[in-house]
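Structure first, then comments.
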There are 2 protein chains.
Amino acid sequence: MTDLAQALFAPRAVALVGASGDPKKNTARPQRFLARHGYAGAVLPVNPTRAEVLGAKAYRSVAEAPPPVDHAFIMIPEVERALEDCGRAGVAVATVFSDGFADVGAEGAARQARLAARARELGVRLLGPNSMGVIDIPGRLTLTVNAVLEMDSLPAGGASIVSQSGTMLGTVLSRGAARGLGFAKLVSVGNEADLGVGELVELLADDADTHVILLFLETVRDAERLAAAARRAHAAGKPVVAYKLGRSALGERLARSHTGALAGSDAALDAYFRDCGILRVDMLETLIEIAPLVAGRAPPRLEPGRAPRVAVVTTTGGGAASVVDRLGLSGIETVAPGSDAPIVDLTMAGTSAQYAATLAALIGSPECDAVLAVVGSSAMFHPQHAVEPILGAPRSAKPLGAFLTPHAEQSLALLARGGVAAFRTPEACADAFRAYFEWKVPRGESIAPTIDIKIQNQKYDEKRALELFASLGIETAASQVARAPDFGHALPYPVAAKILSAEIAHKTEAGGVILGIGGEVEFREKVKQLNSNEVLVQVMQSGHGEAIVGYRDDPLVGPLALVGAGGVTAEVYRDVALALAPVSVEEAEDMISRVKGLAVLRGYRGLPRGDLRALARAVAALSRLALVPGRPVAEAEINPVIVKREGAVAVDGLVLLKG
Amino acid sequence: MTDLAQALFAPRAVALVGASGDPKKNTARPQRFLARHGYAGAVLPVNPTRAEVLGAKAYRSVAEAPPPVDHAFIMIPEVERALEDCGRAGVAVATVFSDGFADVGAEGAARQARLAARARELGVRLLGPNSMGVIDIPGRLTLTVNAVLEMDSLPAGGASIVSQSGTMLGTVLSRGAARGLGFAKLVSVGNEADLGVGELVELLADDADTHVILLFLETVRDAERLAAAARRAHAAGKPVVAYKLGRSALGERLARSHTGALAGSDAALDAYFRDCGILRVDMLETLIEIAPLVAGRAPPRLEPGRAPRVAVVTTTGGGAASVVDRLGLSGIETVAPGSDAPIVDLTMAGTSAQYAATLAALIGSPECDAVLAVVGSSAMFHPQHAVEPILGAPRSAKPLGAFLTPHAEQSLALLARGGVAAFRTPEACADAFRAYFEWKVPRGESIAPTIDIKIQNQKYDEKRALELFASLGIETAASQVARAPDFGHALPYPVAAKILSAEIAHKTEAGGVILGIGGEVEFREKVKQLNSNEVLVQVMQSGHGEAIVGYRDDPLVGPLALVGAGGVTAEVYRDVALALAPVSVEEAEDMISRVKGLAVLRGYRGLPRGDLRALARAVAALSRLALVPGRPVAEAEINPVIVKREGAVAVDGLVLLKG
């Protein structure tokens with residue numbers, strides 16, 4: 001265990017700064033909880049107005065408490081003063097419950113930055129501010145004000161959670177405890193002034209008690225470190241699962257480019273989680289319930305293009321259907337190996353022995369990738385009927401999950417103790433299987449060399465944008481700038497004519513584009529409508545379909561590649577695929593396969609196939625902007641790329657630099 | 001109470017046909033359960049091999065039991081014999097638990113039809129076969145084999161459920177009981193050989209103990225009767241809520257027409273529920289939890305086009321966000337009246353008094369349509385902090401719901417007893433608010449007169465289909481049939497030429513369509529490519545966009561109108577709106593507003609607006625096929641309708657007759 005981990009989770013002594021002597025107060029809770037749950041180290045209340053707090057000797061400051069104090073829990077408004085004391089006393093970690101920092105706006109953020117800087121100078125690591133604390137169940141440390149810790153006992157288990165919401169510590173603890181699901185460590189990171197989610201995942205990747213790492217996130221503040229930590233957890237065989245808020249707060253208002261709007265922060269994080277090998281769950285309880293399903297398992301390896309298959313055995317048709325239905329919505333098939341039926345329904349016929357035999361056969365069958373056992377009303381009072389056979393089922397690399405239709409906490413607890421993933425709702429059950437099947441091995445750290453592309457430090461008009469794309473190896477439509485008064489050019493008709501301006505991002509909407517000009521006479525006439533002395537003339541392209549290809553240096557997760565269907569489709573249906581940039585051509589092909597609207601180019605309904613390999617090459621090429629030293633490009637977009645029978649040609653381009 | 005309702009729910013005596021003397025057997029359960037839960041009528045075991053069953057005198061047959069026997073529960077394989085006895089004994093209702101009927105295929109279905117016919121002759125109403133039974137909690141009738149009835153007590157409440165899955169009786173009862181949510185009547189309808197969901201909803205609409213009617217459905221077998229019953233329930237002020245399985249079993253394989261594929265049975269039922277004023281919930285627990293949210297309330301009346309607004313007060317930011325996030329995904333806004341914040345967060349600041357005052361202010365505010373109270377960890381052990389203020393909140397027509405983040409069954413029960421809708425998961429909470437806001441007043445029974453349109457009893461080629469549409473008042477593109485060898489026609493160029501055949505539904509995919517023929521020479525040359533002696537020549541149409549308009553006489557729910565975006569969009573994204581046909585122009589406009597892909601015609605991103613009123617007129621006109629006597633048309637489809645700045649023109653048509 002590192003010194004940091006020891007001080008954070010297993011301190012020899014903790015100081016409770018601002019501990020109240022009134023047991024009803026929130027600030028009295030940590031001391032009560034530590035006593036109740038059996039913390040073996042020294043508990044040192046710090047309260048300058050009292051000689052004794054709840055029966056323990058109190059100290060005027062941390063500096064006056066008997067050393068060594070590994071960990072201080074600060075609950076007073078004067079956090080800065082307490083931090084100085086911690087520095088003097090050689091405290092390794094200060095967890096700051098007090099709020100009034102980045103959580104209250106710009107002034108608070110400045111205060112927080114000063115606090116963090118001072119902590120670095122003092123050599124004190126900070127958790128928080130605005131942290132609800134730290135819990136280590138096997139170590140009996142309950143350094144928190146969370147009211148749920150009034151519980152009589154805290155079941156231990158192999159899942160640990162890092163949460164950006166303090167309340168969630170109580171939520172997962174209490175919900176887990178009610179049905180026998182225990183935890184190892186629970187950490188509320190608060191504002192992450194110093195210790196962030198990434199560093200905590202690193203600690204948990206190395207923690208012997210932790211087998212699955214759960215994350216409750218509102219955002220990601222340290223994407224690179226978390227990505228590295230996720231790789232480390234993967235190497236240690238510990239799945240990382242995230243529940244993240246903010247899916248609907250996508251900033252739906254349209255930004256200057258489509259790429260910016262489509263790669264909204266949640267979509268960006270979704271791509272980030274996938275590429276980091278972090279499972280993402282959609283429902284809150286899935287985060288609690290999924291741990292046994294993935295513990296000790298690796299991401300599934302399915303043949304590309306094949307739907308995942310779950311074998312289902314049940315004592316209730318309706319109960320099984322409630323899960324099967326939702327699995328189907330995620331593109332997961334259910335099977336009854338050796339038969340045409342979608343499930344094995346033992347509703348009336350089944351004895352315990354039949355249930356057990358069926359389950360064993362399903363787990364051993366090569367025709368399915370996972371097994372789901374559903375139990376109806378018997379789960380409440382007759383666990384011997386079908387719940388115990390589940391417990392007795394052979395263990396294998398193939399995931400086994402159970403859904404119980406009645407209220408059946410004892411059966412849930414039985415299964416939890418037996419290490420079987422048991423779900424309270426059909427929705428969380430299906431969500432967990434979906435997350436499992438979408439789980440990927442983390443992509444390796446990029447080791448691609450930087451590329452030598454000259455990025456001009458000025459606004460890019462379309463002409464320059466297309467030149468940049470061409471320099472990346474992207475095929476672009478032949479174009480020339482034509483100038484007043486005669487607008488001469490040497491391109492073959494038909495052509496398009498466009499206003500050439502770095503100021504107008506959406507030229508079509510602004511009436512700045514004329515397509516399909518058939519000949520010289522028409523050209524001379526129509527070009528005047530653009531009211532511009534300079535126009536870009538471009539050879540008209542036709543193909544089997546259109547796509548949008550984008551690149552964005554996301555403020556949260558860094559460079560992203562984007563591909564979507566062309567036209568307004570990508571936007572109206574938010575039908576795009578994202579991945580961390582740069583991507584290889586193969587990775588780009590995988591992205592393309594996730595875009596529904598590109599079905600028209602995959603031979604849908606007998607339509608002619610487009611050259612999706614060429615589209616993938618364009619996606620990969622544009623994504624190499626991530627390798628330009630200093631990453632000066634904020635966003636780049638080709639909208640549309642015309643996908644032909646052979647080749648894919650960029651006909652419009654946008655490049656936005658940072659700053 | 002009708003005689004039927006009395007015999008079904010409040011029989012003076014029940015006969016248990018096949019009651020076992022072995023208390024461990026399923027068939028012994030009804031007798032044990034009736035005794036345990038205090039049924040006051042006579043319980044008459046029928047078992048020819050015993051003089052006495054579990055301490056009660058047994059009879060050789062129902063006919064030998066002392067009259068009056070209002071209700072028999074049949075658990076033996078020889079259902080037919082038992083039914084004859086019931087007929088002889090004047091039994092009003094026979095509930096058949098035995099299976100082996102329509103549940104086991106065609107032969108069983110025939111057996112079931114014979115059983116139902118015989119029951120009609122005998123004057124015995126049937127529930128089932130394959131029914132798990134009937135429960136009336138206020139009346140203490142527990143005529144069921146469901147294992148969950150081992151429960152010590154059954155809480156009574158104002159919600160009743162009709163279920164096509166027997167297991168679900170135990171699921172809702174046990175889950176409700178665990179947190180204080182009670183029920184009135186619970187009915188498992190089994191195969192619905194006689195008594196169906198519709199008739200049961202009628203009975204519940206008239207039932208004094210029932211205030212909300214819940215449905216667990218796998219299909220709908222009596223759409224017209226259920227629609228009428230839903231109107232009756234609405235008139236009685238009783239909301240009807242459905243959870244329906246089979247969302248993913250859409251029959252995704254493409255049918256001959258798009259309309260058939262797009263109006264898959266689940267999409268059809270979705271339209272049906274909406275038009276019947278039935279709320280549809282997406283998650284199983286929502287069905288249990290939603291009752292207090294809608295009881296005594298009417299469908300919301302929002303100004304058209306305005307997003308619903310929920311005011312939120314919380315003691316936990318993360319907990320509130322987990323609901324707010326999902327509300328946002330359904331297009332529901334959250335507000336903190338009088339401020340710019342999306343929620344009122346009392347995490348650190350709030351006292352009970354503040355929480356109560358905030359809640360009262362939100363309930364009284366005209367700025368919101370509903371109120372959500374979120375409570376964090378305090379809900380587990382300190383209900384006085386925020387749970388009791390919720391109980392004390394003023395009651396109004398505005399819905400109030402609560403979400404508690406920890407495991408807090410006692411607080412949930414407190415709220416249930418107080419009649420406040422309390423949710424265990426953020427997802428079910430958001431689902432309930434969504435269902436509430438999508439809830440509509442049931443559409444009245446159609447009183448439109450039949451229309452006099454001649455439907456030819458032969459296959460329709462495109463020419464005839466377009467003529468039929470024109471006769472309904474739909475604008476169609478001018479077209480003529482041109483014949484070999486010279487293919488002469490009098491239409492102005494540009495034109496399209498198409499193979500004229502009633503056998504080829506998807507002509508484009510079959511290479512049977514040539515578009516944009518510019519003149520005579522080109523026409524003569526290209527028309528040969530069609531390899532047909534007869535071609536349909538049509539004036540080319542151009543407009544601002546395309547739509548698909550359809551009509552389908554659905555086998556489950558009857559005539560449906562359909563509108564979607566044109567091209568492959570409708571199909572790839574399943575982006576269509578359905579409603580029970582016929583629809584008015586105004587109803588068609590509402591349908592159009594639900595189609596995302598038609599955004600391009602609503603002035604999206606400055607694109608020119610299309611004449612959506614004209615499109616609505618076409619939708620309404622086609623839907624009038626529902627009024628043709630005998631309804632000979634199975635499906636009709638216009639794909640595409642070209643939507644212009646003024647007007648909307650049908651350019652391709654398909655009509656399929658029944659049989």
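As shown in the structure tokens, the chain order sets the letters A, B, ...; within each chain, residues go from 1, and ligands are also counted from 1 in the order they appear.
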Polymer residues at most 10 Å from region 481-495 of chain B, only C-alpha atoms, same-chain spacing of 6 or more positions, as a PDB file with all heavy atoms, in the first residue's frame:
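around_19.pdb written:
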```
ATOM      1  N   LYS B 463     -51.075   3.090 -61.092  1.00  0.00           N
ATOM      2  CA  LYS B 463     -52.037   3.982 -61.741  1.00  0.00           C
ATOM      3  C   LYS B 463     -53.366   3.972 -60.987  1.00  0.00           C
ATOM      4  O   LYS B 463     -53.924   5.013 -60.630  1.00  0.00           O
ATOM      5  CB  LYS B 463     -52.211   3.499 -63.198  1.00  0.00           C
ATOM      6  CG  LYS B 463     -53.295   4.185 -63.980  1.00  0.00           C
ATOM      7  CD  LYS B 463     -52.767   5.441 -64.614  1.00  0.00           C
ATOM      8  CE  LYS B 463     -53.838   6.074 -65.507  1.00  0.00           C
ATOM      9  NZ  LYS B 463     -53.689   7.533 -65.521  1.00  0.00           N
ATOM     10  N   ILE B 514     -37.325   5.315 -63.761  1.00  0.00           N
ATOM     11  CA  ILE B 514     -36.323   6.238 -64.324  1.00  0.00           C
ATOM     12  C   ILE B 514     -36.816   7.658 -64.071  1.00  0.00           C
ATOM     13  O   ILE B 514     -37.919   8.024 -64.482  1.00  0.00           O
ATOM     14  CB  ILE B 514     -36.115   6.005 -65.828  1.00  0.00           C
ATOM     15  CG1 ILE B 514     -35.644   4.552 -66.049  1.00  0.00           C
ATOM     16  CG2 ILE B 514     -35.092   6.995 -66.385  1.00  0.00           C
ATOM     17  CD1 ILE B 514     -35.622   4.157 -67.502  1.00  0.00           C
ATOM     18  N   LEU B 515     -36.008   8.431 -63.366  1.00  0.00           N
ATOM     19  CA  LEU B 515     -36.436   9.774 -62.971  1.00  0.00           C
ATOM     20  C   LEU B 515     -35.787  10.832 -63.860  1.00  0.00           C
ATOM     21  O   LEU B 515     -34.754  10.594 -64.478  1.00  0.00           O
ATOM     22  CB  LEU B 515     -36.046  10.045 -61.512  1.00  0.00           C
ATOM     23  CG  LEU B 515     -36.692   9.149 -60.451  1.00  0.00           C
ATOM     24  CD1 LEU B 515     -36.134   9.476 -59.079  1.00  0.00           C
ATOM     25  CD2 LEU B 515     -38.211   9.308 -60.462  1.00  0.00           C
ATOM     26  N   GLY B 516     -36.406  12.005 -63.904  1.00  0.00           N
ATOM     27  CA  GLY B 516     -35.775  13.180 -64.501  1.00  0.00           C
ATOM     28  C   GLY B 516     -35.465  13.057 -65.977  1.00  0.00           C
ATOM     29  O   GLY B 516     -34.399  13.476 -66.432  1.00  0.00           O
ATOM     30  N   ILE B 517     -36.371  12.499 -66.715  1.00  0.00           N
ATOM     31  CA  ILE B 517     -36.164  12.416 -68.160  1.00  0.00           C
ATOM     32  C   ILE B 517     -36.497  13.789 -68.756  1.00  0.00           C
ATOM     33  O   ILE B 517     -37.612  14.283 -68.616  1.00  0.00           O
ATOM     34  CB  ILE B 517     -37.049  11.321 -68.780  1.00  0.00           C
ATOM     35  CG1 ILE B 517     -36.726   9.965 -68.109  1.00  0.00           C
ATOM     36  CG2 ILE B 517     -36.878  11.258 -70.294  1.00  0.00           C
ATOM     37  CD1 ILE B 517     -37.652   8.843 -68.514  1.00  0.00           C
ATOM     38  N   GLY B 518     -35.488  14.371 -69.421  1.00  0.00           N
ATOM     39  CA  GLY B 518     -35.599  15.779 -69.787  1.00  0.00           C
ATOM     40  C   GLY B 518     -36.351  16.076 -71.073  1.00  0.00           C
ATOM     41  O   GLY B 518     -36.878  17.173 -71.255  1.00  0.00           O
ATOM     42  N   GLY B 519     -36.424  15.112 -72.007  1.00  0.00           N
ATOM     43  CA  GLY B 519     -37.083  15.422 -73.277  1.00  0.00           C
ATOM     44  C   GLY B 519     -37.408  14.168 -74.055  1.00  0.00           C
ATOM     45  O   GLY B 519     -37.105  13.035 -73.634  1.00  0.00           O
ATOM     46  N   GLU B 520     -37.979  14.360 -75.197  1.00  0.00           N
ATOM     47  CA  GLU B 520     -38.523  13.294 -76.032  1.00  0.00           C
ATOM     48  C   GLU B 520     -37.467  12.248 -76.432  1.00  0.00           C
ATOM     49  O   GLU B 520     -37.693  11.054 -76.313  1.00  0.00           O
ATOM     50  CB  GLU B 520     -39.117  13.950 -77.301  1.00  0.00           C
ATOM     51  CG  GLU B 520     -39.977  13.042 -78.141  1.00  0.00           C
ATOM     52  CD  GLU B 520     -41.258  12.611 -77.453  1.00  0.00           C
ATOM     53  OE1 GLU B 520     -41.731  13.323 -76.527  1.00  0.00           O
ATOM     54  OE2 GLU B 520     -41.778  11.531 -77.795  1.00  0.00           O
ATOM     55  N   PHE B 523     -36.364  10.254 -73.556  1.00  0.00           N
ATOM     56  CA  PHE B 523     -37.467   9.398 -73.147  1.00  0.00           C
ATOM     57  C   PHE B 523     -37.512   8.132 -73.991  1.00  0.00           C
ATOM     58  O   PHE B 523     -37.570   7.024 -73.481  1.00  0.00           O
ATOM     59  CB  PHE B 523     -38.794  10.175 -73.256  1.00  0.00           C
ATOM     60  CG  PHE B 523     -39.994   9.351 -72.903  1.00  0.00           C
ATOM     61  CD1 PHE B 523     -40.315   9.071 -71.582  1.00  0.00           C
ATOM     62  CD2 PHE B 523     -40.811   8.834 -73.900  1.00  0.00           C
ATOM     63  CE1 PHE B 523     -41.420   8.306 -71.264  1.00  0.00           C
ATOM     64  CE2 PHE B 523     -41.914   8.059 -73.586  1.00  0.00           C
ATOM     65  CZ  PHE B 523     -42.221   7.802 -72.259  1.00  0.00           C
ATOM     66  N   ARG B 524     -37.459   8.319 -75.326  1.00  0.00           N
ATOM     67  CA  ARG B 524     -37.566   7.159 -76.227  1.00  0.00           C
ATOM     68  C   ARG B 524     -36.433   6.169 -75.994  1.00  0.00           C
ATOM     69  O   ARG B 524     -36.602   4.951 -76.099  1.00  0.00           O
ATOM     70  CB  ARG B 524     -37.525   7.626 -77.688  1.00  0.00           C
ATOM     71  CG  ARG B 524     -38.835   8.261 -78.089  1.00  0.00           C
ATOM     72  CD  ARG B 524     -38.847   8.697 -79.536  1.00  0.00           C
ATOM     73  NE  ARG B 524     -40.071   9.396 -79.798  1.00  0.00           N
ATOM     74  CZ  ARG B 524     -41.245   8.793 -79.940  1.00  0.00           C
ATOM     75  NH1 ARG B 524     -41.319   7.486 -79.901  1.00  0.00           N
ATOM     76  NH2 ARG B 524     -42.342   9.498 -80.138  1.00  0.00           N
ATOM     77  N   VAL B 527     -36.848   4.620 -72.065  1.00  0.00           N
ATOM     78  CA  VAL B 527     -38.036   3.849 -71.727  1.00  0.00           C
ATOM     79  C   VAL B 527     -37.839   2.374 -72.084  1.00  0.00           C
ATOM     80  O   VAL B 527     -38.412   1.486 -71.452  1.00  0.00           O
ATOM     81  CB  VAL B 527     -39.287   4.464 -72.430  1.00  0.00           C
ATOM     82  CG1 VAL B 527     -39.344   4.054 -73.905  1.00  0.00           C
ATOM     83  CG2 VAL B 527     -40.558   4.087 -71.692  1.00  0.00           C
ATOM     84  N   LYS B 528     -36.947   2.127 -73.065  1.00  0.00           N
ATOM     85  CA  LYS B 528     -36.690   0.733 -73.456  1.00  0.00           C
ATOM     86  C   LYS B 528     -36.044  -0.063 -72.323  1.00  0.00           C
ATOM     87  O   LYS B 528     -36.236  -1.262 -72.189  1.00  0.00           O
ATOM     88  CB  LYS B 528     -35.751   0.702 -74.677  1.00  0.00           C
ATOM     89  CG  LYS B 528     -36.406   1.190 -75.953  1.00  0.00           C
ATOM     90  CD  LYS B 528     -35.386   1.176 -77.098  1.00  0.00           C
ATOM     91  CE  LYS B 528     -35.733   2.209 -78.140  1.00  0.00           C
ATOM     92  NZ  LYS B 528     -34.545   2.713 -78.857  1.00  0.00           N
ATOM     93  N   ASN B 531     -37.969  -2.487 -70.188  1.00  0.00           N
ATOM     94  CA  ASN B 531     -38.384  -3.813 -70.665  1.00  0.00           C
ATOM     95  C   ASN B 531     -39.842  -4.111 -70.378  1.00  0.00           C
ATOM     96  O   ASN B 531     -40.193  -5.172 -69.865  1.00  0.00           O
ATOM     97  CB  ASN B 531     -37.543  -4.906 -69.989  1.00  0.00           C
ATOM     98  CG  ASN B 531     -36.234  -5.086 -70.718  1.00  0.00           C
ATOM     99  OD1 ASN B 531     -36.199  -4.973 -71.944  1.00  0.00           O
ATOM    100  ND2 ASN B 531     -35.173  -5.322 -69.966  1.00  0.00           N
ATOM    101  N   SER B 532     -40.695  -3.143 -70.643  1.00  0.00           N
ATOM    102  CA  SER B 532     -42.110  -3.352 -70.346  1.00  0.00           C
ATOM    103  C   SER B 532     -42.929  -2.740 -71.475  1.00  0.00           C
ATOM    104  O   SER B 532     -42.555  -1.715 -72.049  1.00  0.00           O
ATOM    105  CB  SER B 532     -42.449  -2.673 -69.013  1.00  0.00           C
ATOM    106  OG  SER B 532     -43.834  -2.720 -68.791  1.00  0.00           O
ATOM    107  N   ASN B 533     -44.037  -3.383 -71.811  1.00  0.00           N
ATOM    108  CA  ASN B 533     -44.891  -2.847 -72.876  1.00  0.00           C
ATOM    109  C   ASN B 533     -45.746  -1.688 -72.405  1.00  0.00           C
ATOM    110  O   ASN B 533     -46.311  -0.967 -73.218  1.00  0.00           O
ATOM    111  CB  ASN B 533     -45.785  -3.955 -73.433  1.00  0.00           C
ATOM    112  CG  ASN B 533     -44.995  -4.901 -74.318  1.00  0.00           C
ATOM    113  OD1 ASN B 533     -44.011  -4.481 -74.945  1.00  0.00           O
ATOM    114  ND2 ASN B 533     -45.399  -6.158 -74.347  1.00  0.00           N
ATOM    115  N   GLU B 534     -45.865  -1.555 -71.111  1.00  0.00           N
ATOM    116  CA  GLU B 534     -46.709  -0.501 -70.544  1.00  0.00           C
ATOM    117  C   GLU B 534     -45.909   0.227 -69.480  1.00  0.00           C
ATOM    118  O   GLU B 534     -45.368  -0.419 -68.578  1.00  0.00           O
ATOM    119  CB  GLU B 534     -47.914  -1.136 -69.846  1.00  0.00           C
ATOM    120  CG  GLU B 534     -49.202  -0.952 -70.578  1.00  0.00           C
ATOM    121  CD  GLU B 534     -50.371  -1.412 -69.704  1.00  0.00           C
ATOM    122  OE1 GLU B 534     -50.176  -1.729 -68.525  1.00  0.00           O
ATOM    123  OE2 GLU B 534     -51.490  -1.412 -70.228  1.00  0.00           O
ATOM    124  N   VAL B 535     -45.800   1.522 -69.591  1.00  0.00           N
ATOM    125  CA  VAL B 535     -45.121   2.264 -68.521  1.00  0.00           C
ATOM    126  C   VAL B 535     -45.997   3.428 -68.069  1.00  0.00           C
ATOM    127  O   VAL B 535     -46.818   3.934 -68.847  1.00  0.00           O
ATOM    128  CB  VAL B 535     -43.732   2.808 -68.956  1.00  0.00           C
ATOM    129  CG1 VAL B 535     -42.818   1.686 -69.413  1.00  0.00           C
ATOM    130  CG2 VAL B 535     -43.878   3.847 -70.041  1.00  0.00           C
ATOM    131  N   LEU B 536     -45.801   3.791 -66.815  1.00  0.00           N
ATOM    132  CA  LEU B 536     -46.511   4.955 -66.296  1.00  0.00           C
ATOM    133  C   LEU B 536     -45.574   6.156 -66.433  1.00  0.00           C
ATOM    134  O   LEU B 536     -44.449   6.129 -65.932  1.00  0.00           O
ATOM    135  CB  LEU B 536     -46.878   4.747 -64.825  1.00  0.00           C
ATOM    136  CG  LEU B 536     -47.771   5.831 -64.230  1.00  0.00           C
ATOM    137  CD1 LEU B 536     -49.178   5.763 -64.828  1.00  0.00           C
ATOM    138  CD2 LEU B 536     -47.837   5.699 -62.708  1.00  0.00           C
ATOM    139  N   VAL B 537     -46.054   7.173 -67.142  1.00  0.00           N
ATOM    140  CA  VAL B 537     -45.263   8.392 -67.306  1.00  0.00           C
ATOM    141  C   VAL B 537     -45.861   9.437 -66.377  1.00  0.00           C
ATOM    142  O   VAL B 537     -47.085   9.572 -66.271  1.00  0.00           O
ATOM    143  CB  VAL B 537     -45.305   8.892 -68.757  1.00  0.00           C
ATOM    144  CG1 VAL B 537     -44.374  10.088 -68.937  1.00  0.00           C
ATOM    145  CG2 VAL B 537     -44.922   7.769 -69.710  1.00  0.00           C
ATOM    146  N   GLN B 538     -45.001  10.158 -65.682  1.00  0.00           N
ATOM    147  CA  GLN B 538     -45.496  11.055 -64.644  1.00  0.00           C
ATOM    148  C   GLN B 538     -44.689  12.353 -64.684  1.00  0.00           C
ATOM    149  O   GLN B 538     -43.463  12.306 -64.854  1.00  0.00           O
ATOM    150  CB  GLN B 538     -45.281  10.372 -63.284  1.00  0.00           C
ATOM    151  CG  GLN B 538     -46.135  10.875 -62.188  1.00  0.00           C
ATOM    152  CD  GLN B 538     -45.986   9.978 -60.969  1.00  0.00           C
ATOM    153  OE1 GLN B 538     -44.887   9.653 -60.563  1.00  0.00           O
ATOM    154  NE2 GLN B 538     -47.109   9.597 -60.382  1.00  0.00           N
ATOM    155  N   VAL B 539     -45.374  13.473 -64.519  1.00  0.00           N
ATOM    156  CA  VAL B 539     -44.670  14.755 -64.509  1.00  0.00           C
ATOM    157  C   VAL B 539     -43.789  14.809 -63.265  1.00  0.00           C
ATOM    158  O   VAL B 539     -44.247  14.552 -62.151  1.00  0.00           O
ATOM    159  CB  VAL B 539     -45.674  15.927 -64.506  1.00  0.00           C
ATOM    160  CG1 VAL B 539     -44.943  17.256 -64.348  1.00  0.00           C
ATOM    161  CG2 VAL B 539     -46.510  15.910 -65.774  1.00  0.00           C
ATOM    162  N   MET B 540     -42.491  15.111 -63.437  1.00  0.00           N
ATOM    163  CA  MET B 540     -41.562  15.191 -62.304  1.00  0.00           C
ATOM    164  C   MET B 540     -42.004  16.297 -61.354  1.00  0.00           C
ATOM    165  O   MET B 540     -42.422  17.369 -61.784  1.00  0.00           O
ATOM    166  CB  MET B 540     -40.141  15.505 -62.791  1.00  0.00           C
ATOM    167  CG  MET B 540     -39.391  14.317 -63.373  1.00  0.00           C
ATOM    168  SD  MET B 540     -39.053  13.006 -62.158  1.00  0.00           S
ATOM    169  CE  MET B 540     -37.883  13.836 -61.070  1.00  0.00           C
ATOM    170  N   GLN B 541     -41.879  16.025 -60.087  1.00  0.00           N
ATOM    171  CA  GLN B 541     -42.283  16.989 -59.069  1.00  0.00           C
ATOM    172  C   GLN B 541     -41.057  17.402 -58.279  1.00  0.00           C
ATOM    173  O   GLN B 541     -40.201  16.556 -57.998  1.00  0.00           O
ATOM    174  CB  GLN B 541     -43.283  16.340 -58.106  1.00  0.00           C
ATOM    175  CG  GLN B 541     -44.519  15.769 -58.781  1.00  0.00           C
ATOM    176  CD  GLN B 541     -45.426  16.858 -59.320  1.00  0.00           C
ATOM    177  OE1 GLN B 541     -45.549  17.918 -58.700  1.00  0.00           O
ATOM    178  NE2 GLN B 541     -46.032  16.621 -60.479  1.00  0.00           N
TER     179      GLN B 541
END
```
*Where in region 448-616 of chain B does DSSP assign strand (DSSP E or B), given as a VMD selection string?*
chain B and resid 476 479 to 483 495 to 499 513 to 517 534 to 539 545 to 554 558 to 565 576 to 580
*All residues 9 Å or closer to Glu367 (chain A), only C-alpha atoms, same chain fewer than 3 positions away omitted, as a list in words*: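 Once the adjacent positions are removed, what remains is Arg309, Val310, Ala311, Val335, Ala336, Pro337, Gly338, Leu362 and Gly364 of chain A.
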*asked:* So the first atom is CA of Glu646 (chain A) and the second is CA of Ser623 (chain A); what is the distance between them in Å, to one decimal place?
replied: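 Computing the Euclidean distance for CA of Glu646 (chain A) and CA of Ser623 (chain A) yields 21.4 Å.
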*Could you give me, as a list in words, the residues within 9 Å of Ala10 (chain B), counting only C-alpha atoms and dropping anything in the same chain fewer than 6 positions from it?*
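Once the nearby chain positions are removed, what remains is Gly41, Asp70, His71, Asp136, Gly139, Arg140 and Leu141 of chain B.
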